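Trainee: Just so it is clear, I am handing over protein-v4.txt, which has compact mmCIF, C-alpha atoms.
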```
# COMPACT_ATOMS: atom_id res chain seq x y z
CA MET A 1 0.00 0.00 0.00
CA ASN A 2 0.86 3.65 -0.17
CA LEU A 3 2.36 4.16 3.27
CA TRP A 4 4.51 1.10 2.83
CA ARG A 5 5.78 2.50 -0.46
CA GLU A 6 6.71 5.81 1.17
CA PHE A 7 8.47 3.95 3.96
CA SER A 8 10.34 1.38 1.90
CA LYS A 9 11.69 3.73 -0.75
CA GLY A 10 14.19 4.97 1.83
CA LEU A 11 15.57 1.48 2.27
CA TRP A 12 16.74 0.91 -1.30
CA ARG A 13 15.33 3.04 -4.12
CA ASP A 14 16.19 6.40 -2.51
CA LEU A 15 18.65 5.02 0.04
CA PRO A 16 20.68 7.86 1.53
CA PRO A 17 23.53 8.58 1.26
CA PHE A 18 24.24 6.16 -1.59
CA ARG A 19 21.30 6.93 -3.88
CA VAL A 20 20.64 10.41 -2.67
CA VAL A 21 24.21 11.56 -2.20
CA LEU A 22 23.31 14.19 0.41
CA GLY A 23 24.36 14.79 3.99
CA LEU A 24 27.86 13.47 3.47
CA CYS A 25 29.43 15.41 6.33
CA PRO A 26 28.28 13.08 9.14
CA VAL A 27 28.55 10.09 6.82
CA LEU A 28 32.26 10.59 6.44
CA ALA A 29 33.01 11.93 9.89
CA VAL A 30 31.29 9.67 12.40
CA THR A 31 31.58 6.28 10.73
CA LYS A 32 34.90 5.45 12.37
CA SER A 33 33.05 2.74 14.24
CA ALA A 34 29.79 0.86 13.84
CA ILE A 35 28.49 2.38 17.10
CA GLY A 36 29.20 5.91 15.88
CA GLY A 37 27.32 5.27 12.66
CA LEU A 38 24.39 3.67 14.44
CA GLY A 39 24.17 6.48 17.00
CA MET A 40 24.25 9.21 14.38
CA GLY A 41 21.73 7.30 12.28
CA LEU A 42 19.25 6.98 15.14
CA ALA A 43 19.63 10.67 15.98
CA VAL A 44 18.76 11.44 12.35
CA VAL A 45 15.76 9.04 12.42
CA PHE A 46 14.35 10.94 15.38
CA VAL A 47 14.96 14.42 13.98
CA LEU A 48 13.79 13.51 10.48
CA THR A 49 10.59 11.78 11.56
CA CYS A 50 9.62 14.48 14.04
CA SER A 51 10.43 17.37 11.72
CA ASN A 52 8.59 15.68 8.84
CA ILE A 53 5.49 15.23 10.99
CA LEU A 54 5.52 18.81 12.25
CA VAL A 55 6.30 20.37 8.88
CA SER A 56 3.52 18.33 7.30
CA ALA A 57 1.04 19.25 10.03
CA LEU A 58 1.86 22.94 9.63
CA ARG A 59 2.08 22.91 5.84
CA HIS A 60 -1.10 24.94 5.35
CA VAL A 61 -0.21 27.38 8.12
CA ILE A 62 3.35 28.32 7.17
CA PRO A 63 3.46 31.06 4.51
CA ARG A 64 5.60 30.10 1.51
CA LYS A 65 8.00 33.01 1.86
CA VAL A 66 9.15 32.07 5.35
CA ARG A 67 8.94 28.32 4.94
CA ILE A 68 12.69 27.60 4.93
CA ALA A 69 13.24 29.69 8.06
CA SER A 70 10.35 27.90 9.76
CA TYR A 71 11.65 24.46 8.77
CA ILE A 72 15.11 25.27 10.09
CA VAL A 73 13.72 26.45 13.43
CA ILE A 74 11.68 23.25 13.72
CA ILE A 75 14.62 21.04 12.74
CA ALA A 76 17.02 22.90 15.04
CA SER A 77 14.67 22.43 17.98
CA PHE A 78 14.58 18.68 17.50
CA VAL A 79 18.34 18.59 17.10
CA VAL A 80 18.83 20.45 20.38
CA THR A 81 16.42 17.97 21.95
CA VAL A 82 18.62 15.11 20.75
CA GLU A 83 21.71 16.91 21.96
CA LEU A 84 20.35 17.49 25.46
CA VAL A 85 18.95 13.98 25.78
CA THR A 86 22.12 12.23 24.61
CA GLN A 87 24.17 14.46 26.89
CA ALA A 88 21.96 13.61 29.83
CA TYR A 89 21.53 9.89 29.26
CA MET A 90 24.16 8.66 26.76
CA TYR A 91 27.19 10.75 27.57
CA PRO A 92 29.84 8.49 25.93
CA LEU A 93 27.88 8.60 22.66
CA TYR A 94 27.52 12.38 23.02
CA GLU A 95 31.28 12.70 23.36
CA MET A 96 31.88 10.43 20.36
CA LEU A 97 29.53 12.32 18.04
CA GLY A 98 30.62 15.71 19.39
CA ILE A 99 30.07 18.61 17.03
CA PHE A 100 28.24 16.38 14.53
CA ILE A 101 25.06 16.32 16.60
CA PRO A 102 24.52 20.10 16.28
CA LEU A 103 25.50 19.79 12.63
CA ILE A 104 22.44 17.62 11.95
CA VAL A 105 20.61 20.97 11.65
CA VAL A 106 22.32 21.62 8.34
CA ASN A 107 22.09 18.04 7.07
CA CYS A 108 20.61 18.44 3.59
CA ILE A 109 18.66 15.21 3.83
CA ILE A 110 16.46 16.59 6.58
CA LEU A 111 15.74 19.97 5.00
CA GLY A 112 15.45 18.18 1.67
CA ARG A 113 12.71 15.86 2.93
CA ALA A 114 10.89 18.76 4.61
CA GLU A 115 10.90 20.78 1.40
CA ALA A 116 10.43 18.00 -1.14
CA PHE A 117 8.06 15.70 0.71
CA ALA A 118 6.60 16.79 4.04
CA SER A 119 5.47 20.21 2.82
CA ARG A 120 3.38 18.55 0.11
CA ASN A 121 2.04 15.39 1.73
CA GLY A 122 -0.10 14.31 4.65
CA VAL A 123 1.12 13.68 8.17
CA LEU A 124 1.05 9.87 7.98
CA ALA A 125 2.82 9.70 4.65
CA SER A 126 5.44 12.18 5.89
CA ALA A 127 6.02 10.15 9.03
CA ALA A 128 6.49 7.00 6.93
CA ASP A 129 8.82 8.88 4.60
CA GLY A 130 10.93 10.23 7.48
CA LEU A 131 11.11 6.89 9.21
CA GLY A 132 12.08 5.08 6.01
CA ILE A 133 14.71 7.55 4.86
CA GLY A 134 16.03 7.78 8.42
CA LEU A 135 16.32 4.02 8.84
CA GLY A 136 17.96 3.75 5.42
CA PHE A 137 20.46 6.38 6.52
CA THR A 138 21.07 4.50 9.78
CA MET A 139 21.59 1.25 7.88
CA SER A 140 24.08 2.84 5.49
CA LEU A 141 26.03 4.53 8.27
CA THR A 142 26.15 1.38 10.38
CA VAL A 143 27.37 -0.73 7.45
CA LEU A 144 29.95 1.90 6.54
CA GLY A 145 31.06 2.20 10.17
CA ALA A 146 31.22 -1.56 10.60
CA LEU A 147 33.31 -1.96 7.46
CA ARG A 148 35.75 0.75 8.49
CA GLU A 149 35.99 -0.48 12.06
CA LEU A 150 36.52 -4.05 10.94
CA LEU A 151 39.31 -3.16 8.52
CA GLY A 152 40.76 -0.26 10.47
CA ALA A 153 40.76 -1.64 13.99
CA GLY A 154 39.85 -5.33 13.66
CA THR A 155 36.80 -4.94 15.91
CA LEU A 156 33.04 -4.76 15.42
CA PHE A 157 30.86 -2.82 17.88
CA ASP A 158 34.00 -2.69 20.05
CA LYS A 159 34.15 -6.51 20.15
CA PRO A 160 37.30 -8.06 18.75
CA VAL A 161 36.52 -10.21 15.70
CA MET A 162 39.67 -10.30 13.62
CA PRO A 163 42.67 -12.45 14.59
CA LEU A 164 44.90 -10.84 17.21
CA ILE A 165 47.72 -10.33 14.76
CA TYR A 166 45.37 -8.23 12.60
CA GLN A 167 44.21 -6.18 15.58
CA GLU A 168 47.79 -5.32 16.40
CA HIS A 169 48.58 -4.28 12.83
CA PRO A 170 45.28 -3.14 11.36
CA PHE A 171 44.79 -1.31 8.10
CA ALA A 172 44.57 1.84 10.21
CA MET A 173 44.02 4.20 7.31
CA MET A 174 40.43 2.93 7.12
CA VAL A 175 39.46 4.73 10.33
CA GLU A 176 41.14 7.93 9.14
CA ALA A 177 39.66 10.40 6.65
CA PRO A 178 40.92 8.72 3.45
CA GLY A 179 39.35 5.44 4.56
CA ALA A 180 35.97 7.18 4.75
CA PHE A 181 36.15 8.26 1.12
CA ILE A 182 37.45 4.88 -0.05
CA ALA A 183 34.79 2.89 1.82
CA LEU A 184 32.02 5.22 0.62
CA GLY A 185 33.25 5.00 -2.97
CA VAL A 186 33.52 1.23 -2.96
CA LEU A 187 30.05 0.76 -1.45
CA LEU A 188 28.57 3.25 -3.90
CA GLY A 189 30.19 1.42 -6.79
CA LEU A 190 28.93 -1.94 -5.55
CA MET A 191 25.40 -0.61 -5.26
CA ASN A 192 25.54 0.80 -8.77
CA ALA A 193 26.85 -2.53 -10.07
CA VAL A 194 23.97 -4.40 -8.42
CA THR A 195 21.48 -1.93 -9.84
CA ALA A 196 22.99 -2.14 -13.32
CA THR A 197 22.73 -5.94 -13.46
CA LYS A 198 19.36 -6.33 -11.74
CA GLY A 199 17.67 -3.04 -12.46
CA THR A 200 15.90 -1.26 -9.60
CA MET B 1 -0.04 43.56 3.80
CA ASN B 2 -2.15 40.81 5.23
CA GLU B 3 0.40 38.24 4.10
CA MET B 4 3.17 40.28 5.72
CA VAL B 5 1.42 40.17 9.09
CA ARG B 6 0.79 36.47 8.72
CA MET B 7 4.45 35.75 7.98
CA VAL B 8 5.60 37.65 11.06
CA VAL B 9 2.99 36.08 13.31
CA VAL B 10 3.57 32.50 12.14
CA LEU B 11 7.35 32.65 12.30
CA SER B 12 7.29 34.37 15.70
CA LEU B 13 4.87 31.78 17.02
CA ILE B 14 7.00 28.89 15.78
CA CYS B 15 10.15 30.42 17.31
CA GLY B 16 8.35 31.18 20.56
CA VAL B 17 6.92 27.71 20.98
CA CYS B 18 10.27 26.08 20.12
CA ALA B 19 12.15 28.32 22.54
CA LEU B 20 9.68 27.58 25.30
CA ALA B 21 9.86 23.83 24.73
CA LEU B 22 13.65 23.84 24.63
CA SER B 23 14.07 25.92 27.75
CA GLY B 24 11.75 23.51 29.52
CA LEU B 25 13.79 20.55 28.33
CA ARG B 26 17.02 22.27 29.32
CA THR B 27 15.78 22.81 32.85
CA ALA B 28 14.56 19.24 33.03
CA THR B 29 17.86 17.73 31.91
CA ALA B 30 20.26 20.17 33.62
CA GLU B 31 20.73 18.12 36.76
CA GLN B 32 21.22 14.85 34.90
CA ILE B 33 23.74 16.48 32.53
CA GLU B 34 25.73 17.87 35.44
CA ARG B 35 25.82 14.39 36.95
CA GLN B 36 27.01 12.90 33.65
CA ILE B 37 29.79 15.46 33.30
CA LEU B 38 30.85 14.73 36.87
CA THR B 39 30.86 11.00 36.19
CA TYR B 40 32.59 10.96 32.84
CA LEU B 41 34.85 14.03 32.86
CA GLU B 42 35.72 14.91 36.43
CA GLY B 43 34.99 11.56 38.06
CA PRO B 44 37.99 9.65 36.72
CA THR B 45 40.39 12.54 37.44
CA VAL B 46 39.11 13.00 40.99
CA ARG B 47 39.39 9.30 41.71
CA THR B 48 42.98 9.29 40.42
CA VAL B 49 44.23 12.31 42.36
CA LEU B 50 42.46 11.22 45.55
CA GLU B 51 43.33 7.56 45.31
CA GLY B 52 42.55 5.67 48.49
CA ALA B 53 39.43 7.64 49.36
CA GLU B 54 36.79 5.41 50.91
CA ASN B 55 33.77 7.63 50.28
CA ASP B 56 31.85 8.36 47.09
CA LEU B 57 33.75 11.42 45.90
CA ILE B 58 31.09 12.57 43.46
CA GLU B 59 28.27 12.13 45.93
CA ASP B 60 30.11 13.98 48.74
CA ARG B 61 31.13 17.00 46.69
CA GLN B 62 30.71 20.42 48.30
CA LYS B 63 29.78 23.67 46.62
CA VAL B 64 31.51 26.64 48.26
CA GLU B 65 32.11 30.24 47.37
CA ILE B 66 35.74 31.32 47.38
CA ASP B 67 36.90 34.75 46.22
CA GLY B 68 33.38 35.41 45.01
CA LYS B 69 33.47 32.40 42.70
CA GLU B 70 31.55 29.19 43.14
CA MET B 71 33.78 26.15 43.36
CA THR B 72 33.15 22.46 43.69
CA LEU B 73 35.33 20.75 46.27
CA PHE B 74 35.77 17.00 46.20
CA VAL B 75 36.40 15.79 49.72
CA ALA B 76 38.12 12.48 50.40
CA LYS B 77 37.58 10.58 53.63
CA ARG B 78 39.33 7.61 55.12
CA GLY B 79 38.04 5.89 58.24
CA GLY B 80 35.45 8.65 58.65
CA GLU B 81 38.13 11.37 58.73
CA VAL B 82 38.57 13.99 56.04
CA TRP B 83 42.09 13.67 54.66
CA GLY B 84 42.12 15.12 51.17
CA VAL B 85 40.53 17.63 48.86
CA ALA B 86 40.60 18.21 45.12
CA TYR B 87 39.27 20.99 42.91
CA GLU B 88 39.60 22.34 39.40
CA THR B 89 41.47 25.35 38.12
CA VAL B 90 42.14 26.66 34.64
CA GLY B 91 45.29 27.82 32.87
CA SER B 92 45.76 28.91 29.29
CA GLY B 93 47.74 26.60 27.06
CA PHE B 94 48.69 26.71 23.39
CA GLY B 95 45.28 25.88 21.96
CA GLY B 96 42.95 27.14 24.68
CA ASP B 97 42.05 26.56 28.28
CA ILE B 98 43.60 23.69 30.19
CA THR B 99 41.46 22.54 33.10
CA VAL B 100 43.32 20.62 35.75
CA MET B 101 42.21 18.73 38.83
CA VAL B 102 44.70 19.01 41.69
CA GLY B 103 44.43 16.82 44.75
CA TYR B 104 45.84 17.71 48.17
CA ASP B 105 46.66 15.80 51.31
CA LEU B 106 45.23 17.97 54.11
CA THR B 107 47.41 16.61 56.92
CA ASP B 108 50.79 16.76 55.17
CA ASP B 109 49.90 19.76 52.98
CA GLU B 110 51.26 18.20 49.84
CA LEU B 111 49.98 17.39 46.35
CA THR B 112 48.48 13.95 45.86
CA GLY B 113 48.32 14.31 42.11
CA VAL B 114 47.43 16.37 39.08
CA GLN B 115 45.14 15.26 36.26
CA ILE B 116 43.96 17.07 33.17
CA VAL B 117 40.17 17.34 32.97
CA SER B 118 40.00 18.95 29.54
CA HIS B 119 42.33 20.65 27.10
CA LYS B 120 42.54 21.73 23.48
CA GLU B 121 46.26 21.16 22.91
CA THR B 122 47.72 19.69 19.72
CA PRO B 123 47.17 15.92 19.63
CA GLY B 124 50.44 14.08 20.02
CA ILE B 125 52.43 17.15 21.05
CA GLY B 126 50.75 19.38 23.62
CA SER B 127 48.44 16.56 24.60
CA LYS B 128 51.46 14.91 26.24
CA ILE B 129 50.62 16.94 29.35
CA THR B 130 47.89 14.39 30.10
CA MET B 131 50.23 11.40 30.02
CA ASP B 132 51.02 9.59 33.24
CA GLN B 133 54.74 9.96 32.83
CA TYR B 134 54.33 13.75 32.75
CA THR B 135 51.83 14.05 35.60
CA ARG B 136 53.45 11.59 38.00
CA SER B 137 56.10 14.07 39.13
CA PHE B 138 53.45 16.19 40.86
CA ILE B 139 52.64 13.44 43.34
CA GLY B 140 53.99 14.23 46.80
CA MET B 141 55.25 17.72 45.92
CA PRO B 142 55.18 19.97 48.99
CA LEU B 143 53.20 23.20 48.73
CA SER B 144 56.38 25.20 49.31
CA SER B 145 57.62 24.14 45.84
CA ASP B 146 58.03 26.73 43.11
CA PHE B 147 55.26 25.81 40.68
CA ARG B 148 56.94 27.19 37.58
CA LEU B 149 58.82 25.33 34.88
CA GLU B 150 62.47 24.66 35.58
CA THR B 151 63.36 26.78 32.56
CA ALA B 152 61.83 29.73 34.44
CA GLY B 153 63.65 28.77 37.63
CA GLY B 154 60.87 26.65 39.12
CA ASP B 155 60.59 23.04 40.20
CA LEU B 156 58.44 21.63 37.40
CA ASP B 157 59.77 19.58 34.49
CA ALA B 158 59.27 21.10 31.06
CA ILE B 159 58.14 18.88 28.19
CA THR B 160 60.17 19.01 25.01
CA GLY B 161 58.16 20.48 22.16
CA ALA B 162 55.23 21.27 24.41
CA THR B 163 56.51 24.30 26.30
CA TYR B 164 53.33 26.35 26.06
CA SER B 165 51.17 23.42 27.09
CA ALA B 166 53.40 22.65 30.06
CA GLN B 167 53.36 26.34 31.01
CA GLY B 168 49.58 26.41 30.82
CA ARG B 169 49.39 23.39 33.05
CA ALA B 170 51.88 24.93 35.49
CA GLU B 171 49.80 28.13 35.54
CA ALA B 172 46.67 26.16 36.40
CA VAL B 173 48.46 24.27 39.17
CA ARG B 174 49.89 27.54 40.52
CA ARG B 175 46.40 29.04 40.72
CA SER B 176 45.18 25.93 42.45
CA VAL B 177 47.96 26.12 45.05
CA GLU B 178 47.23 29.82 45.66
CA LEU B 179 43.65 28.93 46.53
CA TYR B 180 44.63 26.09 48.83
CA PRO B 181 45.01 27.99 52.14
CA GLU B 182 41.56 29.47 51.78
CA VAL B 183 40.05 26.14 50.71
CA LYS B 184 41.64 24.40 53.66
CA ALA B 185 40.42 27.05 56.12
CA ARG B 186 36.91 26.75 54.68
CA LEU B 187 36.99 22.98 54.93
CA GLN B 188 38.15 23.10 58.55
CA ASP B 189 35.22 25.40 59.34
CA GLU B 190 32.88 22.90 57.78
CA ILE B 191 34.48 19.97 59.55
CA ALA B 192 34.05 21.83 62.84
CA GLU B 193 30.39 22.22 62.00
CA GLY B 194 30.22 18.51 61.27
CA LEU B 195 30.80 17.63 57.62
```
If you convert what's in this file into structure tokens, what do you get?

Mentor:
Amino acid sequence: MNLWREFSKGLWRDLPPFRVVLGLCPVLAVTKSAIGGLGMGLAVVFVLTCSNILVSALRHVIPRKVRIASYIVIIASFVVTVELVTQAYMYPLYEMLGIFIPLIVVNCIILGRAEAFASRNGVLASAADGLGIGLGFTMSLTVLGALRELLGAGTLFDKPVMPLIYQEHPFAMMVEAPGAFIALGVLLGLMNAVTATKGT
Amino acid sequence: MNEMVRMVVVLSLICGVCALALSGLRTATAEQIERQILTYLEGPTVRTVLEGAENDLIEDRQKVEIDGKEMTLFVAKRGGEVWGVAYETVGSGFGGDITVMVGYDLTDDELTGVQIVSHKETPGIGSKITMDQYTRSFIGMPLSSDFRLETAGGDLDAITGATYSAQGRAEAVRRSVELYPEVKARLQDEIAEGL
């Protein structure tokens, strides 16, 4: 049905950041570990779903000329909510994500969904859209983080998985900045290859 | 004109409601956030500089006003007796403020340790000031020591390549030591009143 379609498009057809190559700043910066990717992803799920719902609910109230300013205020409020709550209850995660939590405000995916989807569709559809895109984003970031952590440190979710000899001499570049670009590029290429052979 | 009014009203309302909600949330989480910062940032440093304390250092912290500034004192007890105190001071390093936690033995009037709570020094160079091998030398220093770097005629070791950072740390420790007499006097008052 319709809601399911809005939800599931975020999981493959419009999967961020691979299909919709937006919001790359956190994608590259916080995926040093699977936990970092998962944490950032869940923060985005919350902000995106809530802002989509509110923007959609207010879509007939907000005048067109001030819509972007209104969206940003709404998004920023949810981001500060995430920031305060993680600081109060998940302090280690808050320290790990650092400046990238406040930076969710300027993540293009969120403003993009508000402008392109939530401001034109009903509340339920917007919620499904936000949840789907958000979970897709979480999935991508977790996979990317897991890959980099596995190769760069030999661990997965902080649990050692690779042989000890690998953990002592890991391919450390993968957790540094170049590794982020390489991992993202390889995954993007793989996804395109799958799409090219199977079609969407 | 009508549209103009509507724009102003709607945007103001959105901002107002958001601000109200956030200030409410901030008040609601403030206490929990303070506890988290104490646990994750200051907690480990306090426990290191006051090693051997038998009480819960975070739980037994005291808020006092010294020189018109509010300070948090971490009081260490052993066998029911107060024996040590630790508090934070700030010095300016190469990249920004260096916050240090200095612990004192109240009976012998000497340092029980120095730990860095937070800093913005260059990773790998200035950040050496946090390493055990460069903080160990503070342990057991008497208060009569000259808390300047040895290059300036003091008693503290400099760190090669990290002069500014070591100076910033020394400055913070110096400020801490300057406050000590007053802190000790205040604590003795409180002990007399039954801490």

Trainee: Between atom CA of B:Lys128 and atom CA of B:Thr99, what distance in Å does the model show, to one decimal?

Mentor: 14.3 Å

Trainee: Using only C-alpha atoms for the distances, tell me which of A:Ala180, A:Leu93, A:Val85, A:Ala128 is nearest to A:Ala146.

Mentor: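 Checking each candidate against A:Ala146, we get A:Ala180 as the closest.
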
Trainee: What residues in chain B have any atom no more than 6 Å from chain A when counting all atoms listed in the file, and can you write them as number ranges by chain?

Mentor: B: 7, 32-33

Trainee: Please compute the atom CA of A:Leu190-atom CA of A:Glu168 distance, one decimal, in Å.

Mentor: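 These atoms are spaced 29.1 Å apart.
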
Trainee: Could you give me, as a ChimeraX atom specification, the residues within 9 Å of stretch 164-179 of chain B, counting all atoms listed in the file and dropping anything in the same chain fewer than 2 positions from it?

Mentor: /B:66-67,87-95,97-102,114,116,121-122,125-129,143,146-149,156-159,161-162,181-184

Trainee: Pick from A:Ile110, A:Arg19, A:Tyr166, A:Leu54: nearest to B:Cys18, with all atoms listed in the file counted?

Mentor: A:Leu54

Trainee: What is the atom CA of B:Val9-atom CA of A:Ser51 distance in Å, reported with one decimal?

Mentor: 20.2 Å

Trainee: From the list B:Val10, B:Ala76, B:Val17, B:Val64, which residue is nearest B:Thr48 when using all atoms listed in the file?

Mentor: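 Using all atoms listed in the file, the shortest distance to B:Thr48 belongs to B:Ala76.
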
Trainee: Give me, as a PyMOL selection string, all polymer residues having an atom no more than 8 Å from B:Ala86, counting only C-alpha atoms and skipping those fewer than 2 positions away in the same chain.

Mentor: chain B and resi 46+49-50+73-75+84+88+101-104

Trainee: Extract, using all atoms listed in the file, all DNA, RNA and protein residues at most 8 Å from A:Ala127, discarding same-chain residues fewer than 5 positions from it, and format them as an NGL selection string.

Mentor: :A and (49-50 or 52-53)

Trainee: Name all residues at most 9 Å from A:Phe46 (count all atoms listed in the file; drop same-chain ones fewer than 2 positions away) and give them as a PDB file with C-alpha atoms, in the coordinates of the input.

Mentor:
```pdb
ATOM      1  CA  GLY A  41      21.730   7.300  12.280  1.00  0.00           C
ATOM      2  CA  LEU A  42      19.250   6.980  15.140  1.00  0.00           C
ATOM      3  CA  ALA A  43      19.630  10.670  15.980  1.00  0.00           C
ATOM      4  CA  VAL A  44      18.760  11.440  12.350  1.00  0.00           C
ATOM      5  CA  LEU A  48      13.790  13.510  10.480  1.00  0.00           C
ATOM      6  CA  THR A  49      10.590  11.780  11.560  1.00  0.00           C
ATOM      7  CA  CYS A  50       9.620  14.480  14.040  1.00  0.00           C
ATOM      8  CA  SER A  51      10.430  17.370  11.720  1.00  0.00           C
ATOM      9  CA  PHE A  78      14.580  18.680  17.500  1.00  0.00           C
ATOM     10  CA  VAL A  79      18.340  18.590  17.100  1.00  0.00           C
ATOM     11  CA  VAL A  82      18.620  15.110  20.750  1.00  0.00           C
ATOM     12  CA  GLY A 130      10.930  10.230   7.480  1.00  0.00           C
ATOM     13  CA  LEU A 131      11.110   6.890   9.210  1.00  0.00           C
ATOM     14  CA  GLY A 134      16.030   7.780   8.420  1.00  0.00           C
TER      15      GLY A 134
END
```

Trainee: Name the residues in contact with A:Ala57 at a cut-off of 10 Å, using all atoms listed in the file, excluding same-chain residues fewer than 6 positions from it; report them as a short mmCIF file (atom, residue, chain, number, x, y, z; two decimals) with C-alpha atoms, in the coordinates of the input.

Mentor:
```cif
data_model
loop_
_atom_site.label_atom_id
_atom_site.label_comp_id
_atom_site.auth_asym_id
_atom_site.auth_seq_id
_atom_site.Cartn_x
_atom_site.Cartn_y
_atom_site.Cartn_z
CA SER A 51 10.43 17.37 11.72
CA ALA A 118 6.60 16.79 4.04
CA SER A 119 5.47 20.21 2.82
CA ASN A 121 2.04 15.39 1.73
CA GLY A 122 -0.10 14.31 4.65
CA VAL A 123 1.12 13.68 8.17
CA LEU A 124 1.05 9.87 7.98
CA SER A 126 5.44 12.18 5.89
#
```

Trainee: Using only C-alpha atoms, collect all residues at a distance of at most 8 Å from (37.2, 16.6, 33.8) as written in the file, then present them as a list in words.

Mentor: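 The residues that fall inside the cut-off are Ile37, Leu38, Tyr40, Leu41, Glu42, Gly43, Pro44, Thr45, Thr99, Val100, Met101, Ile116, Val117 and Ser118 of chain B.
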
Trainee: Report as AutoDock Vina command-line options the centre and the edge lengths, in Å to one decimal, of the axis-aligned box holding every listed atom of stretch 36-42 of chain B, padded by 3 Å on each side.

Mentor:
```
--center_x 31.4 --center_y 13.2 --center_z 34.9 --size_x 14.7 --size_y 10.5 --size_z 10.0
```

Trainee: Choose the residue, out of A:Ser56, A:Asn192, A:Ser33, A:Thr197, that has the smallest atom-to-atom separation from A:Leu156; count all atoms listed in the file.

Mentor: A:Ser33

Trainee: Measuring atom to atom with only C-alpha atoms, identify which of A:Pro160, A:Gly39, A:Pro16, A:Pro26 is nearest to A:Ile133.

Mentor: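 Distance minimum relative to A:Ile133 lands on A:Pro16.
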